[in-house]
file upload-v2.cif (mmCIF, C-alpha atoms)
data_upload
#
loop_
_atom_site.label_atom_id
_atom_site.label_comp_id
_atom_site.auth_asym_id
_atom_site.auth_seq_id
_atom_site.Cartn_x
_atom_site.Cartn_y
_atom_site.Cartn_z
CA MET N 890 68.44 82.58 99.62
CA ALA N 891 67.92 83.67 103.22
CA GLU N 892 71.24 85.45 103.12
CA LYS N 893 70.31 87.36 99.99
CA ALA N 894 67.08 88.56 101.56
CA SER N 895 68.95 89.87 104.58
CA VAL N 896 71.41 91.71 102.32
CA ASP N 897 68.58 93.38 100.43
CA LYS N 898 66.94 94.53 103.66
CA ARG N 899 69.80 96.85 104.44
CA PRO N 900 69.17 100.50 103.63
CA PHE N 901 70.43 101.79 100.28
CA ILE N 902 73.25 103.91 101.76
CA GLN N 903 74.53 101.07 103.91
CA ARG N 904 74.56 98.68 100.96
CA TRP N 905 76.55 100.95 98.68
CA LEU N 906 78.68 102.74 101.27
CA PRO N 907 79.37 100.20 104.03
CA HIS N 908 82.23 102.33 105.36
CA PRO N 909 81.65 105.99 104.42
CA LEU N 910 84.77 107.11 106.28
CA LEU N 911 86.89 104.52 104.47
CA THR N 912 85.50 105.82 101.18
CA VAL N 913 86.56 109.38 102.02
CA VAL N 914 90.00 108.20 103.18
CA LEU N 915 90.51 106.20 99.96
CA ILE N 916 89.55 109.16 97.76
CA VAL N 917 91.89 111.48 99.65
CA LEU N 918 94.64 108.83 99.51
CA TRP N 919 94.22 108.45 95.76
CA MET N 920 94.38 112.22 95.24
CA LEU N 921 97.52 112.41 97.39
CA LEU N 922 99.11 109.58 95.43
CA LEU N 923 98.51 111.47 92.18
CA ASN N 924 100.23 114.48 93.79
CA SER N 925 98.31 116.87 91.50
CA PHE N 926 94.62 117.64 91.15
CA SER N 927 92.75 116.49 88.05
CA PHE N 928 89.08 115.78 87.47
CA GLY N 929 89.82 112.36 85.96
CA GLY N 930 91.82 111.48 89.03
CA LEU N 931 88.92 112.47 91.27
CA VAL N 932 86.53 110.26 89.28
CA MET N 933 88.92 107.32 89.43
CA GLY N 934 89.45 107.89 93.16
CA THR N 935 85.70 107.95 93.76
CA ILE N 936 85.21 104.71 91.82
CA LEU N 937 87.95 103.02 93.89
CA GLY N 938 86.60 104.58 97.07
CA VAL N 939 83.18 103.04 96.45
CA ILE N 940 84.28 99.65 95.09
CA ILE N 941 86.95 98.76 97.65
CA PRO N 942 84.72 99.13 100.76
CA ILE N 943 81.96 97.07 99.08
CA MET N 944 84.41 94.32 98.11
CA THR N 945 85.98 94.17 101.58
CA SER N 946 82.82 94.72 103.66
CA SER N 947 82.31 90.98 104.23
CA PHE N 948 85.70 90.87 106.00
CA TRP N 949 84.82 93.87 108.11
CA PRO N 950 81.09 93.81 108.81
CA GLU N 951 80.94 96.42 111.56
CA ARG N 952 81.61 100.11 111.24
CA PRO N 953 84.59 101.31 113.25
CA PRO N 954 83.01 102.87 116.33
CA VAL N 955 84.98 106.11 116.57
CA LYS N 956 83.11 108.49 118.83
CA ALA N 957 85.28 111.53 119.43
CA TYR N 958 87.11 112.65 116.29
CA GLY N 959 88.65 115.68 118.00
CA LYS N 960 90.20 113.45 120.63
CA ALA N 961 91.37 111.06 117.91
CA PHE N 962 93.35 113.88 116.25
CA ALA N 963 94.74 115.00 119.63
CA TYR N 964 95.82 111.37 120.17
CA MET N 965 97.64 111.32 116.81
CA GLY N 966 99.51 114.49 117.81
CA LEU N 967 100.47 112.97 121.15
CA VAL N 968 101.71 109.79 119.49
CA ALA N 969 103.71 111.74 116.88
CA TRP N 970 105.44 113.64 119.69
CA ASP N 971 106.05 110.42 121.63
CA VAL N 972 107.59 108.80 118.55
CA VAL N 973 110.19 111.60 118.43
CA VAL N 974 110.91 111.16 122.14
CA ALA N 975 111.06 107.38 121.68
CA ASN N 976 113.63 107.76 118.92
CA LEU N 977 115.88 109.90 121.14
CA GLN N 978 115.52 107.52 124.10
CA VAL N 979 116.22 104.37 122.11
CA ALA N 980 119.13 106.08 120.33
CA ARG N 981 120.61 106.97 123.72
CA LEU N 982 120.15 103.44 125.01
CA ILE N 983 121.80 101.98 121.91
CA LEU N 984 124.78 104.33 121.95
CA PHE N 985 125.57 104.81 125.62
CA ARG N 986 124.35 101.71 127.43
CA ARG N 987 126.22 98.42 127.43
CA SER N 988 123.84 95.78 126.21
CA ASP N 989 124.28 93.58 129.28
CA GLN N 990 123.11 96.47 131.46
CA LEU N 991 119.77 96.80 129.73
CA ARG N 992 116.91 95.77 131.97
CA VAL N 993 115.09 93.76 129.31
CA ARG N 994 111.81 92.25 130.43
CA TRP N 995 108.41 90.98 129.39
CA VAL N 996 105.34 92.75 130.68
CA THR N 997 101.66 91.74 130.63
CA LEU N 998 99.26 94.58 129.89
CA PRO N 999 95.70 93.68 130.94
CA LEU N 1000 93.35 95.29 128.43
CA GLU N 1001 90.18 97.18 129.26
CA LEU N 1002 89.55 97.93 125.59
CA ARG N 1003 87.29 95.44 123.82
CA SER N 1004 86.86 96.49 120.20
CA PRO N 1005 89.45 94.95 117.83
CA GLU N 1006 90.09 98.35 116.19
CA ALA N 1007 90.96 99.96 119.52
CA ILE N 1008 93.28 97.10 120.53
CA THR N 1009 95.03 97.29 117.15
CA VAL N 1010 95.64 101.01 117.57
CA LEU N 1011 96.92 100.48 121.11
CA ALA N 1012 99.29 97.69 120.05
CA GLY N 1013 100.62 99.81 117.17
CA THR N 1014 101.11 102.79 119.47
CA ILE N 1015 103.00 100.71 122.00
CA THR N 1016 105.34 99.42 119.32
CA MET N 1017 106.10 102.90 118.04
CA THR N 1018 106.74 104.48 121.46
CA PRO N 1019 109.54 104.40 124.07
CA GLY N 1020 111.37 101.09 124.35
CA THR N 1021 108.33 98.81 124.03
CA VAL N 1022 107.20 96.37 121.34
CA SER N 1023 103.84 94.59 121.53
CA CYS N 1024 104.53 90.94 120.71
CA ASP N 1025 101.45 88.84 121.36
CA LEU N 1026 97.84 88.87 122.44
CA SER N 1027 96.36 86.40 124.91
CA ALA N 1028 94.14 83.79 123.27
CA ASP N 1029 90.97 85.47 124.53
CA GLY N 1030 92.17 88.93 123.45
CA ARG N 1031 92.15 90.44 126.93
CA SER N 1032 95.89 90.86 127.61
CA LEU N 1033 98.76 92.19 125.55
CA LEU N 1034 102.31 90.84 125.78
CA VAL N 1035 104.81 93.71 125.66
CA HIS N 1036 108.58 93.44 125.37
CA CYS N 1037 110.44 96.27 127.12
CA LEU N 1038 113.97 97.23 126.13
CA ASP N 1039 114.77 98.95 129.40
CA ALA N 1040 112.20 98.84 132.21
CA PRO N 1041 113.48 99.03 135.78
CA ASP N 1042 109.95 98.62 137.14
CA ALA N 1043 107.37 96.44 135.36
CA GLU N 1044 104.35 97.85 137.18
CA GLU N 1045 105.37 101.42 136.46
CA ALA N 1046 105.76 100.62 132.75
CA VAL N 1047 102.29 99.05 132.62
CA ARG N 1048 100.73 101.94 134.53
CA GLN N 1049 102.27 104.45 132.15
CA MET N 1050 100.94 102.66 129.06
CA LYS N 1051 97.48 102.40 130.58
CA VAL N 1052 97.27 106.03 131.66
CA ARG N 1053 98.89 107.58 128.62
CA TYR N 1054 97.33 105.56 125.78
CA GLU N 1055 94.62 103.20 126.89
CA ALA N 1056 92.65 105.78 128.89
CA ARG N 1057 92.63 108.09 125.87
CA LEU N 1058 91.65 105.30 123.47
CA LYS N 1059 88.79 104.35 125.76
CA GLU N 1060 87.33 107.81 125.22
CA ILE N 1061 87.80 107.59 121.43
CA PHE N 1062 86.40 104.06 120.98
CA PRO N 1063 83.33 103.64 123.20
CA MET D 534 116.83 133.32 102.80
CA ASN D 535 117.62 130.58 100.33
CA PHE D 536 120.81 129.81 102.19
CA LEU D 537 118.94 129.42 105.47
CA LEU D 538 116.47 127.08 103.83
CA GLU D 539 119.24 125.00 102.33
CA LEU D 540 120.96 124.88 105.70
CA LEU D 541 117.75 123.66 107.33
CA ILE D 542 117.23 121.00 104.65
CA SER D 543 120.82 119.81 104.97
CA ALA D 544 120.51 119.68 108.75
CA LEU D 545 117.37 117.55 108.47
CA ILE D 546 119.02 115.15 106.04
CA VAL D 547 122.09 114.80 108.25
CA LEU D 548 119.91 114.30 111.33
CA GLY D 549 117.86 111.65 109.53
CA GLY D 550 121.07 109.95 108.44
CA ILE D 551 122.38 109.93 112.00
CA PHE D 552 119.21 108.27 113.28
CA ALA D 553 119.26 105.66 110.52
CA LEU D 554 122.90 104.97 111.43
CA VAL D 555 122.03 104.62 115.12
CA GLY D 556 119.27 102.16 114.19
CA SER D 557 121.77 100.09 112.23
CA ILE D 558 124.32 100.23 115.07
CA GLY D 559 121.55 98.96 117.33
CA LEU D 560 120.98 96.01 115.02
CA VAL D 561 124.64 95.05 115.33
CA LYS D 562 125.10 95.80 119.01
CA LEU D 563 121.99 94.47 120.73
CA PRO D 564 122.21 90.85 121.89
CA ASP D 565 119.12 89.02 120.58
CA LEU D 566 116.27 89.33 118.09
CA LEU D 567 113.69 90.78 120.45
CA THR D 568 115.93 93.61 121.61
CA ARG D 569 117.10 94.18 118.05
CA LEU D 570 113.47 94.62 117.08
CA HIS D 571 113.44 97.87 119.08
CA ALA D 572 116.07 99.52 116.90
CA PRO D 573 114.39 99.40 113.47
CA THR D 574 110.86 100.09 114.74
CA LYS D 575 111.89 103.33 116.39
CA ALA D 576 115.31 104.73 115.67
CA THR D 577 114.69 104.49 111.93
CA THR D 578 111.24 106.15 111.89
CA LEU D 579 112.91 109.45 112.75
CA GLY D 580 115.65 108.70 110.22
CA VAL D 581 113.14 108.28 107.41
CA GLY D 582 111.03 111.10 108.86
CA GLY D 583 113.92 113.56 108.73
CA ALA D 584 114.63 112.75 105.10
CA LEU D 585 110.93 113.07 104.21
CA VAL D 586 110.49 116.45 105.91
CA ALA D 587 113.68 117.63 104.15
CA SER D 588 112.23 116.45 100.82
CA MET D 589 108.95 118.30 101.43
CA LEU D 590 110.80 121.48 102.39
CA PHE D 591 112.98 121.22 99.29
CA PHE D 592 110.06 120.90 96.89
CA PHE D 593 108.03 123.56 98.69
CA GLY D 594 110.76 126.14 99.27
CA ILE D 595 113.07 125.74 96.31
CA GLU D 596 111.03 124.16 93.51
CA GLY D 597 107.85 125.92 94.64
CA THR D 598 105.59 122.90 94.36
CA LEU D 599 103.70 121.27 97.17
CA SER D 600 104.64 117.59 97.40
CA ILE D 601 102.45 115.41 99.58
CA HIS D 602 103.84 111.97 98.71
CA GLU D 603 106.08 112.23 101.76
CA VAL D 604 103.09 112.38 104.11
CA LEU D 605 101.79 109.18 102.53
CA ILE D 606 105.14 107.46 102.95
CA SER D 607 105.19 108.27 106.64
CA VAL D 608 101.54 107.17 107.05
CA PHE D 609 102.29 103.81 105.40
CA LEU D 610 105.43 103.49 107.51
CA PHE D 611 103.41 104.06 110.69
CA LEU D 612 100.87 101.49 109.57
CA THR D 613 103.30 98.78 108.54
CA ALA D 614 106.17 99.04 111.08
CA PRO D 615 104.18 97.84 114.13
CA ILE D 616 102.53 95.02 112.17
CA THR D 617 105.86 93.81 110.81
CA ALA D 618 107.40 93.94 114.29
CA HIS D 619 104.44 92.03 115.72
CA PHE D 620 104.74 89.25 113.18
CA ILE D 621 108.51 89.00 113.51
CA ALA D 622 108.07 88.69 117.29
CA LYS D 623 105.41 86.01 116.89
CA ALA D 624 107.51 84.07 114.39
CA HIS D 625 110.43 84.28 116.82
CA LEU D 626 108.26 82.85 119.61
CA HIS D 627 107.16 80.01 117.32
CA GLU D 628 110.73 79.19 116.45
CA HIS D 629 112.05 79.33 120.02
CA VAL D 630 109.46 77.46 122.03
CA GLU D 631 111.78 77.48 125.06
CA LEU D 632 111.05 81.21 125.39
CA ARG D 633 107.57 80.23 126.48
CA GLU D 634 108.82 79.64 130.03
CA ASP D 635 110.06 83.22 130.28
CA LEU D 636 106.75 84.82 129.33
CA PRO D 637 104.72 86.37 132.13
CA PRO D 638 101.27 84.87 132.84
CA THR D 639 98.41 86.38 130.85
CA GLY D 640 96.30 86.95 133.95
CA ARG D 641 93.51 85.14 132.08
CA GLU D 642 92.40 81.53 131.80
CA GLN D 643 93.90 81.16 128.34
CA GLY D 644 97.58 81.53 127.50
CA TRP D 645 99.22 83.65 124.80
CA SER D 646 97.67 83.19 121.39
CA THR D 647 100.95 82.08 119.79
CA PHE D 648 100.85 78.92 121.92
CA ASP D 649 97.25 78.53 123.08
CA GLY D 650 93.88 78.44 121.37
CA LEU D 651 90.50 79.19 122.83
CA PRO D 652 89.26 75.87 124.26
CA GLU D 653 85.54 76.76 124.22
CA ALA D 654 85.63 78.17 120.70
CA GLU D 655 87.30 75.03 119.34
CA HIS D 656 84.74 72.93 121.17
CA LYS D 657 81.87 74.90 119.65
CA ASP D 658 83.28 74.36 116.14
CA HIS D 659 83.13 70.62 116.61
CA VAL D 660 79.53 70.65 117.84
#
call {"tool": "encode", "arguments": {"input": "upload-v2.cif", "output": "structure tokens"}}
result
Amino acid sequence: MAEKASVDKRPFIQRWLPHPLLTVVLIVLWMLLLNSFSFGGLVMGTILGVIIPIMTSSFWPERPPVKAYGKAFAYMGLVAWDVVVANLQVARLILFRRSDQLRVRWVTLPLELRSPEAITVLAGTITMTPGTVSCDLSADGRSLLVHCLDAPDAEEAVRQMKVRYEARLKEIFP
Amino acid sequence: MNFLLELLISALIVLGGIFALVGSIGLVKLPDLLTRLHAPTKATTLGVGGALVASMLFFFGIEGTLSIHEVLISVFLFLTAPITAHFIAKAHLHEHVELREDLPPTGREQGWSTFDGLPEAEHKDHV
């Protein structure tokens, strides 16, 4: 009863569009999946784009706090470029380095980011980029366990990840 | 013009194939699961990426239609590859508990979440 009252208190827009950005993304995704424009497809996409955020909003009560969209797109470009570089580096390591000469090591990355969305993006980025895979999070969510394929210097590897990705993500997610 | 385009598409497909091959060689050559995990998460993204860009170029340049499915495939690949790798790594840690000694300290009071829970949070649940 009390819960119902609190639900009804929310403004109309927030009740029907808990994640406006997710709605837009879902509509665009649906249109891209169809691969051709049709009015019926747009209607169906809109229906899905409204229903899915409402159905999943109880799992994801807060809106993702993206502040700087321009910087977010710049970040995507940077990561795309780094993925290409990462591919070349890992390919070189695989082909030309004997596996017992790899300096494999674990590294702890202390996190300054706090929002779960930001940490997820950071962990995903680390996995996709040069010679690092994020493997675990500390129980309180303040450190990330990273496995490095070839890191001569642990501190240098951590510093690079912090400067290149975390500093940028801190500007995107306040 | 058409020949150049075909040459470019072929080059992309061959390049993508080479990267996929390197990823597979990595799977065979690297010594244990955690190092093997590096090969498919990276070396193959460019392999698939090359084939996808080639496919887009083919449909755009030769068939004359704009095909956007390829963008979606790469988006889904970028979303799923890190999550898969993360869960494989965690499952590996669960299965080989002796690896726990090799892990660096978290720098926090609590350990890594694969092995440790939050003591206060559990306590609160009981109260």
call {"tool": "atom_distance", "arguments": {"input": "upload-v2.cif", "atom1": "atom CA of Leu636 of chain D", "atom2": "atom CA of Asp1042 of chain N"}}
result
16.2 Å
call {"tool": "closest_atom_pairs", "arguments": {"input": "upload-v2.cif", "of": "chain D", "to": "chain N", "cutoff": "7 Å", "atoms": "only C-alpha atoms", "output": "JSON lines"}}
result
{"residue": "D:Val555", "atom": "CA", "partner": "N:Ala980", "partner_atom": "CA", "distance": 6.1}
{"residue": "D:Gly559", "atom": "CA", "partner": "N:Ile983", "partner_atom": "CA", "distance": 5.5}
{"residue": "D:Leu563", "atom": "CA", "partner": "N:Ser988", "partner_atom": "CA", "distance": 5.9}
{"residue": "D:Pro564", "atom": "CA", "partner": "N:Ser988", "partner_atom": "CA", "distance": 6.8}
{"residue": "D:Thr568", "atom": "CA", "partner": "N:Leu1038", "partner_atom": "CA", "distance": 6.1}
{"residue": "D:His571", "atom": "CA", "partner": "N:Gly1020", "partner_atom": "CA", "distance": 6.5}
{"residue": "D:Thr574", "atom": "CA", "partner": "N:Met1017", "partner_atom": "CA", "distance": 6.4}
{"residue": "D:Lys575", "atom": "CA", "partner": "N:Asn976", "partner_atom": "CA", "distance": 5.4}
{"residue": "D:Ala576", "atom": "CA", "partner": "N:Asn976", "partner_atom": "CA", "distance": 4.8}
{"residue": "D:Leu579", "atom": "CA", "partner": "N:Asn976", "partner_atom": "CA", "distance": 6.4}
{"residue": "D:Ser600", "atom": "CA", "partner": "N:Asn924", "partner_atom": "CA", "distance": 6.5}
{"residue": "D:Ile601", "atom": "CA", "partner": "N:Leu921", "partner_atom": "CA", "distance": 6.2}
{"residue": "D:His602", "atom": "CA", "partner": "N:Leu922", "partner_atom": "CA", "distance": 6.2}
{"residue": "D:Pro615", "atom": "CA", "partner": "N:Gly1013", "partner_atom": "CA", "distance": 5.1}
{"residue": "D:His619", "atom": "CA", "partner": "N:Cys1024", "partner_atom": "CA", "distance": 5.1}
{"residue": "D:Ala622", "atom": "CA", "partner": "N:Cys1024", "partner_atom": "CA", "distance": 5.4}
{"residue": "D:Lys623", "atom": "CA", "partner": "N:Cys1024", "partner_atom": "CA", "distance": 6.3}
{"residue": "D:Leu636", "atom": "CA", "partner": "N:Trp995", "partner_atom": "CA", "distance": 6.4}
{"residue": "D:Pro637", "atom": "CA", "partner": "N:Thr997", "partner_atom": "CA", "distance": 6.4}
{"residue": "D:Thr639", "atom": "CA", "partner": "N:Ser1032", "partner_atom": "CA", "distance": 6.1}
{"residue": "D:Gln643", "atom": "CA", "partner": "N:Ala1028", "partner_atom": "CA", "distance": 5.7}
{"residue": "D:Gly644", "atom": "CA", "partner": "N:Ser1027", "partner_atom": "CA", "distance": 5.6}
{"residue": "D:Trp645", "atom": "CA", "partner": "N:Ser1027", "partner_atom": "CA", "distance": 4.0}
{"residue": "D:Ser646", "atom": "CA", "partner": "N:Ala1028", "partner_atom": "CA", "distance": 4.0}
{"residue": "D:Thr647", "atom": "CA", "partner": "N:Asp1025", "partner_atom": "CA", "distance": 7.0}
{"residue": "D:Asp649", "atom": "CA", "partner": "N:Ala1028", "partner_atom": "CA", "distance": 6.1}
{"residue": "D:Gly650", "atom": "CA", "partner": "N:Ala1028", "partner_atom": "CA", "distance": 5.7}
{"residue": "D:Leu651", "atom": "CA", "partner": "N:Ala1028", "partner_atom": "CA", "distance": 5.9}
call {"tool": "atom_distance", "arguments": {"input": "upload-v2.cif", "atom1": "atom CA of Leu570 of chain D", "atom2": "atom CA of Ala618 of chain D"}}
result
6.7 Å
call {"tool": "resolve_selection", "arguments": {"input": "upload-v2.cif", "expression": "the PyMOL selection byres ((chain N and resi 914) around 12)", "output": "list in words"}}
result
His908, Pro909, Leu910, Leu911, Thr912, Val913, Leu915, Ile916, Val917, Leu918, Trp919, Met920, Leu921, Gly934, Thr935, Leu937, Gly938, Val939, Ile941 and Pro942 of chain N; Leu605 of chain D
call {"tool": "residues_around", "arguments": {"input": "upload-v2.cif", "residues": "Ile606 of chain D", "least_positions_apart": "2", "cutoff": "12 Å", "atoms": "all atoms listed in the file", "output": "NGL selection string"}}
result
(:N and (918 or 921-922)) or (:D and (578 or 581-582 or 584-586 or 588-589 or 600-604 or 608-614))
call {"tool": "write_last_selection", "arguments": {"input": "upload-v2.cif", "atoms": "C-alpha atoms", "output": "mmCIF file, in the frame of the given file"}}
result
data_model
loop_
_atom_site.group_PDB
_atom_site.id
_atom_site.type_symbol
_atom_site.label_atom_id
_atom_site.label_comp_id
_atom_site.auth_asym_id
_atom_site.auth_seq_id
_atom_site.Cartn_x
_atom_site.Cartn_y
_atom_site.Cartn_z
ATOM 1 C CA LEU N 918 94.640 108.830 99.510
ATOM 2 C CA LEU N 921 97.520 112.410 97.390
ATOM 3 C CA LEU N 922 99.110 109.580 95.430
ATOM 4 C CA THR D 578 111.240 106.150 111.890
ATOM 5 C CA VAL D 581 113.140 108.280 107.410
ATOM 6 C CA GLY D 582 111.030 111.100 108.860
ATOM 7 C CA ALA D 584 114.630 112.750 105.100
ATOM 8 C CA LEU D 585 110.930 113.070 104.210
ATOM 9 C CA VAL D 586 110.490 116.450 105.910
ATOM 10 C CA SER D 588 112.230 116.450 100.820
ATOM 11 C CA MET D 589 108.950 118.300 101.430
ATOM 12 C CA SER D 600 104.640 117.590 97.400
ATOM 13 C CA ILE D 601 102.450 115.410 99.580
ATOM 14 C CA HIS D 602 103.840 111.970 98.710
ATOM 15 C CA GLU D 603 106.080 112.230 101.760
ATOM 16 C CA VAL D 604 103.090 112.380 104.110
ATOM 17 C CA VAL D 608 101.540 107.170 107.050
ATOM 18 C CA PHE D 609 102.290 103.810 105.400
ATOM 19 C CA LEU D 610 105.430 103.490 107.510
ATOM 20 C CA PHE D 611 103.410 104.060 110.690
ATOM 21 C CA LEU D 612 100.870 101.490 109.570
ATOM 22 C CA THR D 613 103.300 98.780 108.540
ATOM 23 C CA ALA D 614 106.170 99.040 111.080
#
call {"tool": "atom_distance", "arguments": {"input": "upload-v2.cif", "atom1": "atom CA of Ile1008 of chain N", "atom2": "atom CA of Phe620 of chain D"}}
result
15.7 Å
call {"tool": "residues_around", "arguments": {"input": "upload-v2.cif", "residues": "Glu1060 of chain N", "least_positions_apart": "2", "cutoff": "12 Å", "atoms": "all atoms listed in the file", "output": "PyMOL selection string"}}
result
chain N and resi 954-961+963-964+1001-1002+1007+1052+1054-1058+1062-1063
call {"tool": "closest_residue", "arguments": {"input": "upload-v2.cif", "among": "D:Gly556, D:Gly594, D:Pro573, D:Pro638", "to": "Leu538 of chain D", "atoms": "only C-alpha atoms"}}
result
D:Gly594
call {"tool": "residues_near_point", "arguments": {"input": "upload-v2.cif", "point": "(118.0, 107.9, 109.8)", "cutoff": "6 Å", "atoms": "all atoms listed in the file", "output": "MDAnalysis selection string"}}
result
chainID D and resid 549:554 577 580:581
call {"tool": "axis_aligned_box", "arguments": {"input": "upload-v2.cif", "around": "segment 572-584 of chain D", "padding_each_side": "3 Å", "output": "lines of an AutoDock Vina configuration file"}}
result
center_x = 113.5
center_y = 106.5
center_z = 111.0
size_x = 11.2
size_y = 20.2
size_z = 17.8
call {"tool": "closest_residue", "arguments": {"input": "upload-v2.cif", "among": "D:Gly640, D:Phe536, D:Thr617, D:Leu545", "to": "Leu590 of chain D", "atoms": "all atoms listed in the file"}}
result
D:Leu545
